[in-house]
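S.K.: Supplied structure: work.cif, mmCIF, C-alpha atoms and all ligand atoms.
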data_target
loop_
_atom_site.label_atom_id
_atom_site.label_comp_id
_atom_site.auth_asym_id
_atom_site.auth_seq_id
_atom_site.Cartn_x
_atom_site.Cartn_y
_atom_site.Cartn_z
CA MET M 100 -45.20 -6.77 46.56
CA ILE M 101 -45.27 -4.24 49.39
CA ILE M 102 -43.96 -4.91 52.87
CA ASP M 103 -45.56 -2.20 54.94
CA ASN M 104 -45.25 -0.89 58.46
CA VAL M 105 -41.91 -2.64 58.92
CA ARG M 106 -38.59 -1.61 60.49
CA ILE M 107 -36.06 -1.30 57.68
CA PHE M 108 -32.36 -2.03 58.19
CA ASP M 109 -30.96 -0.97 54.83
CA GLY M 110 -27.56 -2.66 55.13
CA GLU M 111 -25.90 0.20 56.98
CA ARG M 112 -28.41 1.64 59.39
CA MET M 113 -31.91 1.36 60.75
CA LEU M 114 -34.20 3.64 58.75
CA GLY M 115 -37.06 3.15 61.15
CA ARG M 116 -40.55 1.97 60.25
CA GLY M 117 -41.62 2.31 56.66
CA SER M 118 -42.48 0.33 53.57
CA VAL M 119 -40.53 -1.45 50.86
CA GLU M 120 -41.96 -2.24 47.45
CA PHE M 121 -40.51 -4.56 44.85
CA ALA M 122 -41.49 -5.90 41.44
CA ASP M 123 -39.84 -8.18 38.88
CA GLY M 124 -37.08 -9.04 41.31
CA VAL M 125 -35.98 -5.46 41.95
CA ILE M 126 -36.69 -3.05 44.81
CA THR M 127 -38.73 -0.20 43.35
CA ARG M 128 -39.49 1.99 46.35
CA VAL M 129 -38.30 2.47 49.92
CA MET M 130 -40.28 4.81 52.13
CA ALA M 131 -38.93 5.47 55.59
CA GLU M 132 -42.42 5.90 56.96
CA PRO M 133 -45.46 3.65 56.78
CA ALA M 134 -47.38 4.07 53.51
CA PRO M 135 -50.53 6.21 53.91
CA ARG M 136 -53.66 4.09 53.73
CA ALA M 137 -54.73 5.53 50.40
CA SER M 138 -51.39 5.08 48.67
CA ALA M 139 -51.71 1.36 48.01
CA SER M 140 -54.70 1.99 45.76
CA SER M 141 -53.36 5.16 44.17
CA SER M 142 -49.87 3.85 43.43
CA THR M 143 -48.83 2.08 40.26
CA ALA M 144 -48.83 -1.17 42.24
CA ALA M 145 -52.55 -1.11 42.87
CA SER M 146 -52.77 -4.88 42.60
CA ALA M 147 -49.63 -5.56 44.62
CA GLU M 148 -49.78 -7.97 47.52
CA VAL M 149 -49.24 -6.22 50.86
CA ILE M 150 -47.61 -7.81 53.89
CA ASP M 151 -48.07 -6.11 57.23
CA GLY M 152 -44.62 -6.05 58.80
CA ALA M 153 -45.73 -4.79 62.21
CA GLY M 154 -43.30 -5.94 64.88
CA MET M 155 -40.84 -7.16 62.26
CA THR M 156 -37.60 -6.00 60.62
CA LEU M 157 -36.69 -6.22 56.96
CA LEU M 158 -33.01 -6.92 56.18
CA PRO M 159 -31.09 -7.24 52.94
CA GLY M 160 -30.49 -10.89 52.05
CA LEU M 161 -27.48 -12.13 54.00
CA ILE M 162 -24.14 -12.72 52.29
CA ASP M 163 -21.75 -15.39 53.60
CA ALA M 164 -18.28 -14.26 52.50
CA HIS M 165 -16.49 -17.59 53.07
CA THR M 166 -18.01 -20.96 52.29
CA HIS M 167 -17.24 -24.28 50.59
CA VAL M 168 -20.16 -25.62 48.62
CA PHE M 169 -18.35 -28.75 47.32
CA GLY M 170 -20.67 -28.89 44.33
CA ALA M 171 -23.72 -29.69 46.49
CA GLU M 172 -26.92 -27.89 45.48
CA SER M 173 -28.34 -28.96 48.84
CA ASN M 174 -25.83 -26.65 50.56
CA LEU M 175 -27.09 -23.67 48.58
CA GLU M 176 -30.68 -24.61 49.38
CA MET M 177 -29.85 -24.90 53.10
CA ALA M 178 -28.15 -21.49 52.94
CA LEU M 179 -31.21 -19.87 51.42
CA ALA M 180 -33.47 -21.50 54.02
CA PHE M 181 -31.63 -19.42 56.64
CA GLY M 182 -31.74 -16.12 54.76
CA VAL M 183 -28.33 -16.38 53.06
CA THR M 184 -29.12 -15.24 49.53
CA THR M 185 -25.49 -15.16 48.32
CA GLU M 186 -22.50 -17.38 49.13
CA LEU M 187 -18.89 -16.59 48.25
CA ASP M 188 -17.19 -19.95 47.80
CA MET M 189 -13.47 -20.02 48.58
CA PHE M 190 -12.42 -23.30 46.94
CA MET M 191 -14.28 -25.74 44.78
CA GLY M 192 -13.56 -28.05 41.87
CA PRO M 193 -13.60 -29.38 39.25
CA PRO M 194 -13.85 -26.11 37.26
CA ASP M 195 -16.57 -27.26 34.82
CA ALA M 196 -18.84 -28.32 37.68
CA THR M 197 -18.14 -25.11 39.60
CA ARG M 198 -19.08 -23.00 36.61
CA ALA M 199 -22.24 -25.04 36.03
CA LEU M 200 -23.28 -24.66 39.66
CA CYS M 201 -22.63 -20.88 39.59
CA THR M 202 -24.82 -20.66 36.48
CA ALA M 203 -27.59 -22.72 38.07
CA ALA M 204 -27.41 -20.69 41.28
CA GLY M 205 -27.75 -17.52 39.23
CA GLU M 206 -30.93 -18.74 37.59
CA ARG M 207 -32.75 -20.75 40.26
CA ALA M 208 -34.83 -19.03 42.91
CA ASP M 209 -34.59 -22.00 45.30
CA LEU M 210 -30.80 -21.74 45.79
CA ALA M 211 -28.51 -19.09 47.26
CA ASP M 212 -26.67 -17.25 44.50
CA LEU M 213 -23.01 -18.18 44.21
CA ARG M 214 -19.62 -16.72 43.37
CA SER M 215 -16.54 -18.93 43.58
CA ALA M 216 -12.76 -18.79 43.62
CA GLY M 217 -12.71 -22.16 41.90
CA LEU M 218 -9.34 -23.86 42.44
CA LEU M 219 -7.09 -22.22 45.03
CA ALA M 220 -3.39 -21.37 44.77
CA SER M 221 -1.05 -23.45 46.94
CA ALA M 222 2.53 -24.70 47.01
CA PRO M 223 3.58 -27.98 45.38
CA GLY M 224 3.36 -30.68 48.06
CA GLY M 225 1.63 -28.22 50.39
CA HIS M 226 -1.81 -27.99 51.94
CA PRO M 227 -4.26 -29.02 50.55
CA GLY M 228 -2.63 -30.33 47.37
CA VAL M 229 -0.70 -32.95 49.30
CA THR M 230 -3.93 -34.95 49.43
CA MET M 231 -5.24 -33.72 46.04
CA PRO M 232 -2.69 -34.70 43.40
CA ASP M 233 -4.70 -33.15 40.54
CA LEU M 234 -4.80 -29.69 42.09
CA PRO M 235 -2.67 -27.23 40.06
CA THR M 236 -0.03 -25.58 42.24
CA VAL M 237 2.27 -22.54 41.99
CA ALA M 238 5.98 -23.41 42.18
CA GLY M 239 7.25 -19.82 42.22
CA PRO M 240 6.62 -16.23 41.12
CA ALA M 241 7.20 -17.08 37.46
CA GLN M 242 4.12 -19.33 37.49
CA ALA M 243 1.80 -16.82 39.14
CA ASP M 244 0.41 -15.08 36.09
CA ALA M 245 -0.35 -18.32 34.25
CA PHE M 246 -2.09 -19.68 37.35
CA VAL M 247 -4.31 -16.59 37.68
CA ALA M 248 -5.00 -16.56 33.92
CA ALA M 249 -6.10 -20.19 34.04
CA ARG M 250 -8.50 -19.56 36.93
CA GLN M 251 -9.89 -16.50 35.16
CA ALA M 252 -10.45 -18.57 32.01
CA GLU M 253 -12.32 -21.13 34.13
CA GLY M 254 -14.66 -18.40 35.38
CA ALA M 255 -13.24 -17.78 38.88
CA HIS M 256 -14.75 -14.67 40.46
CA PHE M 257 -11.73 -14.04 42.73
CA ILE M 258 -8.43 -15.72 43.61
CA LYS M 259 -7.99 -17.69 46.83
CA ILE M 260 -4.42 -18.11 48.06
CA MET M 261 -3.50 -20.73 50.66
CA VAL M 262 -0.75 -19.50 52.99
CA GLU M 263 -0.43 -22.53 55.23
CA ASP M 264 2.37 -24.87 56.32
CA GLY M 265 0.14 -27.65 57.62
CA ALA M 266 1.00 -27.01 61.28
CA HIS M 267 -2.68 -26.94 62.18
CA HIS M 268 -2.98 -30.42 60.73
CA GLY M 269 0.03 -31.75 62.62
CA MET M 270 2.22 -31.64 59.52
CA SER M 271 5.14 -29.62 58.27
CA LEU M 272 4.53 -28.83 54.60
CA PRO M 273 5.97 -26.42 52.07
CA ALA M 274 4.03 -23.14 51.84
CA LEU M 275 3.86 -20.38 49.24
CA ASP M 276 6.60 -17.83 49.91
CA ARG M 277 6.27 -14.07 49.94
CA ALA M 278 7.60 -13.56 46.41
CA THR M 279 5.06 -16.01 45.01
CA VAL M 280 2.10 -14.59 46.94
CA THR M 281 3.15 -11.09 45.85
CA ALA M 282 3.28 -12.22 42.23
CA LEU M 283 -0.16 -13.83 42.56
CA ALA M 284 -1.63 -10.65 44.07
CA GLU M 285 -0.10 -8.52 41.33
CA ALA M 286 -1.26 -10.84 38.56
CA ALA M 287 -4.78 -10.85 39.96
CA ARG M 288 -4.84 -7.07 40.26
CA ARG M 289 -3.69 -6.67 36.65
CA ARG M 290 -6.51 -9.00 35.61
CA GLY M 291 -9.15 -7.26 37.70
CA LEU M 292 -9.57 -10.03 40.28
CA LEU M 293 -9.58 -9.71 44.07
CA THR M 294 -7.27 -11.89 46.17
CA VAL M 295 -8.25 -13.60 49.42
CA ALA M 296 -5.50 -15.24 51.50
CA HIS M 297 -6.05 -18.06 53.99
CA VAL M 298 -4.08 -17.03 57.08
CA ALA M 299 -4.48 -18.94 60.35
CA ALA M 300 -1.18 -18.02 62.03
CA LEU M 301 0.79 -14.85 62.76
CA TRP M 302 3.52 -15.65 60.23
CA SER M 303 1.04 -16.22 57.42
CA ALA M 304 -1.01 -13.12 58.26
CA ARG M 305 2.20 -11.04 58.06
CA LEU M 306 3.27 -12.70 54.83
CA ALA M 307 -0.13 -12.02 53.25
CA LEU M 308 -0.14 -8.38 54.33
CA ASP M 309 3.44 -7.90 53.08
CA SER M 310 2.43 -9.46 49.77
CA GLY M 311 -0.39 -7.03 49.07
CA VAL M 312 -3.39 -9.36 48.97
CA ASP M 313 -6.78 -7.63 49.17
CA MET M 314 -8.33 -9.69 51.96
CA LEU M 315 -7.24 -11.93 54.80
CA THR M 316 -9.46 -14.79 55.95
CA HIS M 317 -9.35 -16.64 59.30
CA LEU M 318 -7.25 -15.22 62.14
CA PRO M 319 -4.35 -16.48 64.25
CA LEU M 320 -5.33 -18.28 67.44
CA GLU M 321 -1.85 -18.31 69.03
CA ALA M 322 -2.02 -14.57 69.78
CA ALA M 323 -4.11 -11.50 69.00
CA LEU M 324 -2.90 -9.27 66.16
CA ASP M 325 -0.70 -6.49 67.52
CA ASP M 326 -1.39 -2.77 67.10
CA ALA M 327 1.23 -2.28 64.39
CA PHE M 328 -0.28 -5.07 62.28
CA VAL M 329 -3.80 -3.75 62.79
CA SER M 330 -2.81 -0.17 61.83
CA ARG M 331 -1.08 -1.36 58.69
CA THR M 332 -4.11 -3.44 57.72
CA ALA M 333 -6.25 -0.31 58.04
CA GLU M 334 -3.80 1.98 56.23
CA GLU M 335 -3.44 -0.40 53.34
CA LYS M 336 -7.23 -0.72 53.06
CA ARG M 337 -7.39 -4.48 53.44
CA ALA M 338 -10.53 -6.30 54.54
CA VAL M 339 -10.76 -9.29 56.87
CA ILE M 340 -13.12 -12.28 56.88
CA PRO M 341 -12.48 -13.77 60.36
CA THR M 342 -14.65 -16.95 60.13
CA LEU M 343 -15.16 -16.86 63.91
CA VAL M 344 -17.66 -19.72 63.97
CA MET M 345 -15.18 -22.11 62.33
CA LEU M 346 -12.37 -20.97 64.63
CA GLU M 347 -14.62 -21.40 67.66
CA MET M 348 -15.63 -24.90 66.58
CA SER M 349 -11.96 -25.75 66.06
CA THR M 350 -10.82 -24.93 69.57
CA PRO M 351 -11.40 -27.24 72.54
CA LYS M 352 -14.93 -27.18 73.87
CA THR M 353 -15.55 -27.10 77.56
CA SER M 354 -19.26 -27.65 77.29
CA ARG M 355 -21.76 -27.49 74.50
CA SER M 356 -23.31 -24.30 75.83
CA ALA M 357 -19.92 -22.59 75.73
CA HIS M 358 -19.87 -22.84 71.97
CA THR M 359 -22.11 -20.43 70.11
CA GLY M 360 -21.75 -22.53 66.98
CA ARG M 361 -22.69 -25.83 68.63
CA SER M 362 -25.64 -24.24 70.43
CA LEU M 363 -27.36 -23.82 67.05
CA ALA M 364 -28.37 -27.49 67.34
CA ASP M 365 -30.35 -26.66 70.51
CA ASP M 366 -32.03 -23.54 69.14
CA PRO M 367 -35.47 -24.53 67.82
CA GLN M 368 -35.49 -21.53 65.46
CA ILE M 369 -32.50 -23.13 63.73
CA ALA M 370 -32.87 -26.85 64.42
CA ASP M 371 -36.48 -27.07 63.21
CA HIS M 372 -35.32 -26.23 59.70
CA LEU M 373 -32.23 -28.42 59.60
CA PRO M 374 -31.98 -31.90 58.09
CA GLU M 375 -31.20 -34.49 60.77
CA HIS M 376 -27.70 -35.11 59.44
CA ALA M 377 -26.83 -31.41 59.62
CA ARG M 378 -28.23 -31.17 63.15
CA THR M 379 -26.05 -34.10 64.26
CA ALA M 380 -23.04 -32.59 62.50
CA ILE M 381 -23.44 -29.31 64.40
CA ALA M 382 -23.77 -31.06 67.75
CA GLU M 383 -21.12 -33.74 67.32
CA GLY M 384 -19.16 -33.17 64.12
CA HIS M 385 -15.45 -32.56 63.96
CA GLU M 386 -14.07 -29.42 62.33
CA GLY M 387 -10.92 -30.59 60.65
CA LEU M 388 -10.16 -28.35 57.70
CA CYS M 389 -7.94 -25.69 59.14
CA ILE M 390 -7.11 -26.15 62.78
CA GLU M 391 -6.93 -29.33 64.78
CA PRO M 392 -8.76 -29.20 68.09
CA ASP M 393 -6.63 -29.33 71.22
CA SER M 394 -3.63 -27.60 69.65
CA PRO M 395 -1.67 -26.24 72.62
CA GLY M 396 -1.73 -22.47 73.07
CA GLN M 397 -4.51 -21.88 70.57
CA HIS M 398 -7.21 -19.71 72.11
CA PHE M 399 -10.38 -18.53 70.42
CA THR M 400 -10.38 -15.38 72.57
CA HIS M 401 -7.35 -14.16 70.59
CA ALA M 402 -9.47 -14.10 67.44
CA LEU M 403 -12.21 -12.16 69.23
CA SER M 404 -9.66 -9.58 70.39
CA SER M 405 -8.24 -9.25 66.88
CA VAL M 406 -11.69 -8.65 65.43
CA LEU M 407 -12.36 -5.81 67.85
CA SER M 408 -8.96 -4.17 67.19
CA LEU M 409 -9.42 -4.44 63.42
CA HIS M 410 -12.95 -3.07 63.61
CA ARG M 411 -11.93 -0.15 65.85
CA ALA M 412 -9.09 0.69 63.46
CA GLY M 413 -11.57 0.92 60.60
CA VAL M 414 -10.71 -2.35 58.85
CA PRO M 415 -13.83 -3.72 57.14
CA VAL M 416 -14.81 -6.98 58.84
CA LEU M 417 -16.90 -9.27 56.62
CA ALA M 418 -19.07 -12.08 57.98
CA GLY M 419 -18.03 -15.48 56.69
CA THR M 420 -18.46 -18.91 58.21
CA ASP M 421 -16.08 -21.24 56.33
CA ALA M 422 -19.07 -23.60 56.06
CA ASN M 423 -17.54 -26.94 55.11
CA TYR M 424 -20.56 -29.15 55.55
CA ARG M 425 -21.62 -31.70 52.98
CA PRO M 426 -24.03 -34.57 53.36
CA ASP M 427 -21.18 -37.11 53.33
CA ARG M 428 -19.00 -35.28 55.83
CA ALA M 429 -20.15 -34.28 59.29
CA CYS M 430 -18.45 -30.89 59.50
CA PRO M 431 -20.27 -28.84 62.15
CA VAL M 432 -20.12 -25.55 60.23
CA VAL M 433 -23.23 -25.94 58.10
CA HIS M 434 -24.44 -23.59 55.39
CA GLY M 435 -26.86 -20.79 56.24
CA ALA M 436 -27.51 -21.59 59.88
CA SER M 437 -23.88 -20.96 60.84
CA LEU M 438 -24.02 -17.37 59.62
CA HIS M 439 -26.40 -16.64 62.50
CA ALA M 440 -23.72 -17.92 64.90
CA GLU M 441 -21.11 -15.81 63.10
CA LEU M 442 -23.29 -12.72 63.63
CA ALA M 443 -23.61 -13.51 67.35
CA LEU M 444 -19.84 -14.01 67.60
CA LEU M 445 -19.12 -10.69 65.87
CA VAL M 446 -21.31 -9.07 68.52
CA ALA M 447 -19.48 -11.04 71.22
CA ALA M 448 -16.24 -9.62 69.82
CA GLY M 449 -17.54 -6.07 70.32
CA LEU M 450 -19.38 -5.01 67.15
CA THR M 451 -22.84 -3.57 67.66
CA PRO M 452 -25.62 -5.75 66.25
CA ALA M 453 -26.12 -3.20 63.44
CA GLU M 454 -22.40 -3.36 62.61
CA ALA M 455 -22.56 -7.15 62.54
CA LEU M 456 -25.51 -6.96 60.14
CA THR M 457 -23.53 -4.58 57.93
CA ALA M 458 -20.72 -7.17 57.91
CA ALA M 459 -23.18 -9.68 56.45
CA THR M 460 -24.93 -7.40 53.94
CA SER M 461 -23.65 -4.11 52.50
CA ALA M 462 -19.97 -4.60 53.45
CA PRO M 463 -19.36 -7.89 51.59
CA ALA M 464 -21.39 -6.57 48.65
CA ALA M 465 -19.23 -3.45 48.48
CA HIS M 466 -15.91 -5.22 48.92
CA PHE M 467 -16.65 -8.04 46.47
CA GLY M 468 -18.09 -5.74 43.81
CA LEU M 469 -21.66 -7.04 44.11
CA ALA M 470 -23.19 -3.65 43.31
CA ASP M 471 -26.68 -5.07 42.74
CA ARG M 472 -27.31 -6.37 46.26
CA GLY M 473 -26.57 -6.10 49.98
CA VAL M 474 -28.60 -2.90 50.44
CA ILE M 475 -32.31 -2.13 50.60
CA ALA M 476 -32.58 0.69 48.07
CA PRO M 477 -34.44 1.28 44.79
CA GLY M 478 -32.77 -0.56 41.93
CA ARG M 479 -31.17 -3.26 44.07
CA ARG M 480 -32.11 -6.93 43.83
CA ALA M 481 -35.08 -7.89 45.98
CA ASP M 482 -32.95 -10.20 48.16
CA LEU M 483 -34.75 -9.71 51.46
CA VAL M 484 -35.18 -11.35 54.84
CA LEU M 485 -38.11 -10.53 57.11
CA VAL M 486 -37.56 -11.37 60.79
CA GLN M 487 -39.58 -11.01 63.96
CA GLY M 488 -38.37 -8.37 66.41
CA ASP M 489 -35.39 -6.05 66.04
CA PRO M 490 -32.00 -7.67 65.35
CA THR M 491 -30.25 -4.30 65.75
CA LYS M 492 -31.13 -4.63 69.44
CA ASP M 493 -30.78 -8.42 69.79
CA ILE M 494 -28.72 -10.12 67.10
CA ARG M 495 -30.36 -13.49 67.81
CA ARG M 496 -33.53 -12.13 66.24
CA THR M 497 -32.00 -12.83 62.82
CA ARG M 498 -33.01 -16.44 63.52
CA SER M 499 -36.73 -15.69 63.87
CA ILE M 500 -37.22 -15.71 60.12
CA GLU M 501 -40.69 -14.94 58.82
CA ALA M 502 -39.99 -14.80 55.08
CA ILE M 503 -37.13 -14.88 52.58
CA TRP M 504 -37.14 -13.49 49.04
CA ARG M 505 -34.38 -14.19 46.56
CA GLY M 506 -34.54 -11.95 43.51
CA GLY M 507 -38.12 -11.16 44.49
CA VAL M 508 -39.21 -14.81 44.64
CA ARG M 509 -40.34 -16.01 48.03
CA PHE M 510 -38.58 -19.14 49.30
CA ASP M 511 -40.97 -21.81 50.54
CA ARG M 512 -39.42 -22.15 53.98
CA ALA M 513 -42.29 -24.16 55.44
CA ALA M 514 -41.88 -26.83 52.76
CA TYR M 515 -38.13 -26.88 53.36
CA GLY M 516 -38.72 -27.32 57.10
CA GLU M 517 -41.11 -30.20 56.44
CA ARG M 518 -38.58 -31.92 54.17
CA ALA M 519 -35.90 -31.37 56.80
CA ALA M 520 -38.10 -32.81 59.54
CA ALA M 521 -38.81 -35.88 57.40
CA SER M 522 -35.12 -36.47 56.66
ZN ZN Z 1 -12.27 -22.12 53.89
#
Just give me the structure of the file as structure tokens.

M.R.:
Amino acid sequence: MIIDNVRIFDGERMLGRGSVEFADGVITRVMAEPAPRASASSSTAASAEVIDGAGMTLLPGLIDAHTHVFGAESNLEMALAFGVTTELDMFMGPPDATRALCTAAGERADLADLRSAGLLASAPGGHPGVTMPDLPTVAGPAQADAFVAARQAEGAHFIKIMVEDGAHHGMSLPALDRATVTALAEAARRRGLLTVAHVAALWSARLALDSGVDMLTHLPLEAALDDAFVSRTAEEKRAVIPTLVMLEMSTPKTSRSAHTGRSLADDPQIADHLPEHARTAIAEGHEGLCIEPDSPGQHFTHALSSVLSLHRAGVPVLAGTDANYRPDRACPVVHGASLHAELALLVAAGLTPAEALTAATSAPAAHFGLADRGVIAPGRRADLVLVQGDPTKDIRRTRSIEAIWRGGVRFDRAAYGERAAAS
């Protein structure tokens, strides 16, 4: 397959117009200028199909660095239908089912590929174990290594750590303390696993940074991160997955148009490919996982300010949605589609569109050790998204999807749209 005469955003920068060739699921050639007319017949790929990409941009397949699949294949299919070729799941059980779904997602071309934390680390009686009695917990530093070893044995790709006292759910619950989070981070590092800490308040963000976790996810809404915190995050080479779309959906809405996330339901480029239930969930669903709406003093603008400070200080910002949707629960942050809102919100925070695209392609690949994807270069997986227009000028162009390839196999987006319309 050759995509010719197309703008190429390689995951870090716009190469300009050129051609990209792939075979057997792998990118074989990237030429930063349109292929000469004769070359198609003289090259080794004489019989290759050629797509004229005039007016279009080719992107690496998008990576959503924070999702919850809840065991639903349909979520991974919905993700792929919006150009998300890889999801990083931050909490799913039971372990056998998680491993089976990761295996299936690795083999099937009609699903987004999947990596998962499996079961997360939390305090006994804390969030979310208080409503999940079977969830293993960590009672103190002495239990940290055994907890990490058990997750590794179950096939977890990284370790998710819940630093949360339930305040956002109107509760006061025990939370993991600094010594325990430190022990978890050290155990994971010894075992070659990354740690990602859920932090939705200033105290938990500080605790996570003090404990040496590799990545922070979510951001406080009660205030923006201060300069000292931001500098330390940069110096200590941590990365942040803000999940702006979830935070935005969690704060009070003044009108539907004021919410970038909710407005997905009114965008025909998105809505035409969504099942009815997902469309209704975006427009009317209640985001209840992390932060209750209408909490006093919680302002989404604080998260936007923090993102810009972190980015300016050189902290890698990774695009993640915290997609929580499942067909039996009307959470408005749906898989795939919501990443396009996250990209728009990263731009609203102050990233350039190209920087936002990097946050959803090469940056998560680099920081999660996915060396085979996230970049358009020879030898990388042919995870590709072809869109109309130039999303490095207008980030909303990521929604005008023309074609999606996962591992070189084209996703039948028209058929998906028809099934969605019939649902
Ligand atoms: Zn989450």

S.K.: Counting all atoms listed in the file, which protein, DNA or RNA residues come within 8 Å of ligand ZN 1 (chain Z), given as a ChimeraX atom specification?

M.R.: /M:165-167,189-190,297,388-389,421-423

S.K.: Using all atoms listed in the file, find the one residue out of M:Leu187, M:Met261, M:Ala458, M:Val484 that sits nearest to M:Pro341.

M.R.: M:Ala458

S.K.: Which residues come within 10 Å of M:Asp326, counting all atoms listed in the file, excluding same-chain residues fewer than 5 positions away, as number ranges by chain?

M.R.: M: 331-332, 405, 408-409, 412

S.K.: Do a neighbour search on M:Phe399 at 12 Å with all atoms listed in the file, toss out local chain neighbours closer than 5 positions, and write the hits as a ChimeraX atom specification.

M.R.: /M:299,317-323,341-352,357-359,390,392-394,404-406,444,447-448

S.K.: Of the residues M:Ala255, M:Met100, M:Leu161, M:Met130, which is the one nearest to M:Glu148, using all atoms listed in the file?

M.R.: M:Met100

S.K.: What box, with edges along x, y and z, holds each listed atom of stretch 434-442 of chain M when 6 Å is added on every side, and can you state its centre and edge lengths in Å to one decimal, as AutoDock Vina command-line options?

M.R.:
--center_x -24.3 --center_y -18.2 --center_z 60.1 --size_x 18.4 --size_y 22.9 --size_z 21.5

S.K.: Determine the nearest neighbour of M:Met314 from the options M:Thr294, M:Thr156, M:Ser118, M:Thr202, counting all atoms listed in the file.

M.R.: M:Thr294

S.K.: Restricting the calculation to all atoms listed in the file, which member of M:Ile494, M:Ala519, M:Ala443, M:Leu485 is positioned closest to M:Val119?

M.R.: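 Of the candidates, the smallest distance to M:Val119 is held by M:Leu485.
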
S.K.: Between atom CA of M:Leu213 and atom CA of M:Ala171, measure the distance and give it in Å to one decimal.

M.R.: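 So the two atoms, atom CA of M:Leu213 and atom CA of M:Ala171, lie 11.8 Å apart.
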
S.K.: Between M:Leu283, M:Ile503, M:Ala455, M:Ala304, which has the minimum distance to M:Ala178 (counting all atoms listed in the file)?

M.R.: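 Among the listed residues, M:Ile503 lies closest to M:Ala178.
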
S.K.: Find the spatial neighbours of M:Val183, counting all atoms listed in the file, within a cut-off of 10 Å - ignore same-chain residues fewer than 2 positions away - and output them as an mmCIF file with C-alpha atoms, in the frame of the given file.

M.R.:
data_model
loop_
_atom_site.group_PDB
_atom_site.id
_atom_site.type_symbol
_atom_site.label_atom_id
_atom_site.label_comp_id
_atom_site.auth_asym_id
_atom_site.auth_seq_id
_atom_site.Cartn_x
_atom_site.Cartn_y
_atom_site.Cartn_z
ATOM 1 C CA PRO M 159 -31.090 -7.240 52.940
ATOM 2 C CA GLY M 160 -30.490 -10.890 52.050
ATOM 3 C CA LEU M 161 -27.480 -12.130 54.000
ATOM 4 C CA ILE M 162 -24.140 -12.720 52.290
ATOM 5 C CA ASP M 163 -21.750 -15.390 53.600
ATOM 6 C CA LEU M 175 -27.090 -23.670 48.580
ATOM 7 C CA GLU M 176 -30.680 -24.610 49.380
ATOM 8 C CA MET M 177 -29.850 -24.900 53.100
ATOM 9 C CA ALA M 178 -28.150 -21.490 52.940
ATOM 10 C CA LEU M 179 -31.210 -19.870 51.420
ATOM 11 C CA ALA M 180 -33.470 -21.500 54.020
ATOM 12 C CA PHE M 181 -31.630 -19.420 56.640
ATOM 13 C CA THR M 185 -25.490 -15.160 48.320
ATOM 14 C CA GLU M 186 -22.500 -17.380 49.130
ATOM 15 C CA LEU M 210 -30.800 -21.740 45.790
ATOM 16 C CA ALA M 211 -28.510 -19.090 47.260
ATOM 17 C CA ASP M 212 -26.670 -17.250 44.500
ATOM 18 C CA HIS M 434 -24.440 -23.590 55.390
ATOM 19 C CA GLY M 435 -26.860 -20.790 56.240
ATOM 20 C CA ALA M 436 -27.510 -21.590 59.880
ATOM 21 C CA LEU M 438 -24.020 -17.370 59.620
ATOM 22 C CA HIS M 439 -26.400 -16.640 62.500
ATOM 23 C CA ALA M 459 -23.180 -9.680 56.450
ATOM 24 C CA THR M 460 -24.930 -7.400 53.940
ATOM 25 C CA ASP M 482 -32.950 -10.200 48.160
ATOM 26 C CA LEU M 483 -34.750 -9.710 51.460
ATOM 27 C CA VAL M 484 -35.180 -11.350 54.840
ATOM 28 C CA ILE M 503 -37.130 -14.880 52.580
ATOM 29 C CA ARG M 505 -34.380 -14.190 46.560
#

S.K.: Separation of atom CA of M:Ile475 and atom CA of M:Thr491, in Å?

M.R.: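 Atom CA of M:Ile475 sits 15.4 Å away from atom CA of M:Thr491.
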
S.K.: Pick from M:Asp209, M:Asp233, M:Glu253, M:Asp264: nearest to M:Asp195, with all atoms listed in the file counted?

M.R.: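 Result for the nearest residue to M:Asp195: M:Glu253.
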
S.K.: In Å, rounded to a single decimal, give me how far atom CA of M:Ala300 is from atom CA of M:Gly239.

M.R.: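 Answer for the atom CA of M:Gly239 to atom CA of M:Ala300 separation: 21.6 Å.
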
S.K.: Within 7 Å of (-6.3, -14.7, 44.6), in the coordinates the file gives, what residues turn up when you count only C-alpha atoms, written out as a list of chain:residue names?

M.R.: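 The answer, in the requested form, is M:Phe257, M:Ile258, M:Lys259, M:Ile260, M:Leu283, M:Ala284, M:Ala287, M:Leu293, M:Thr294, M:Val295, M:Ala296.
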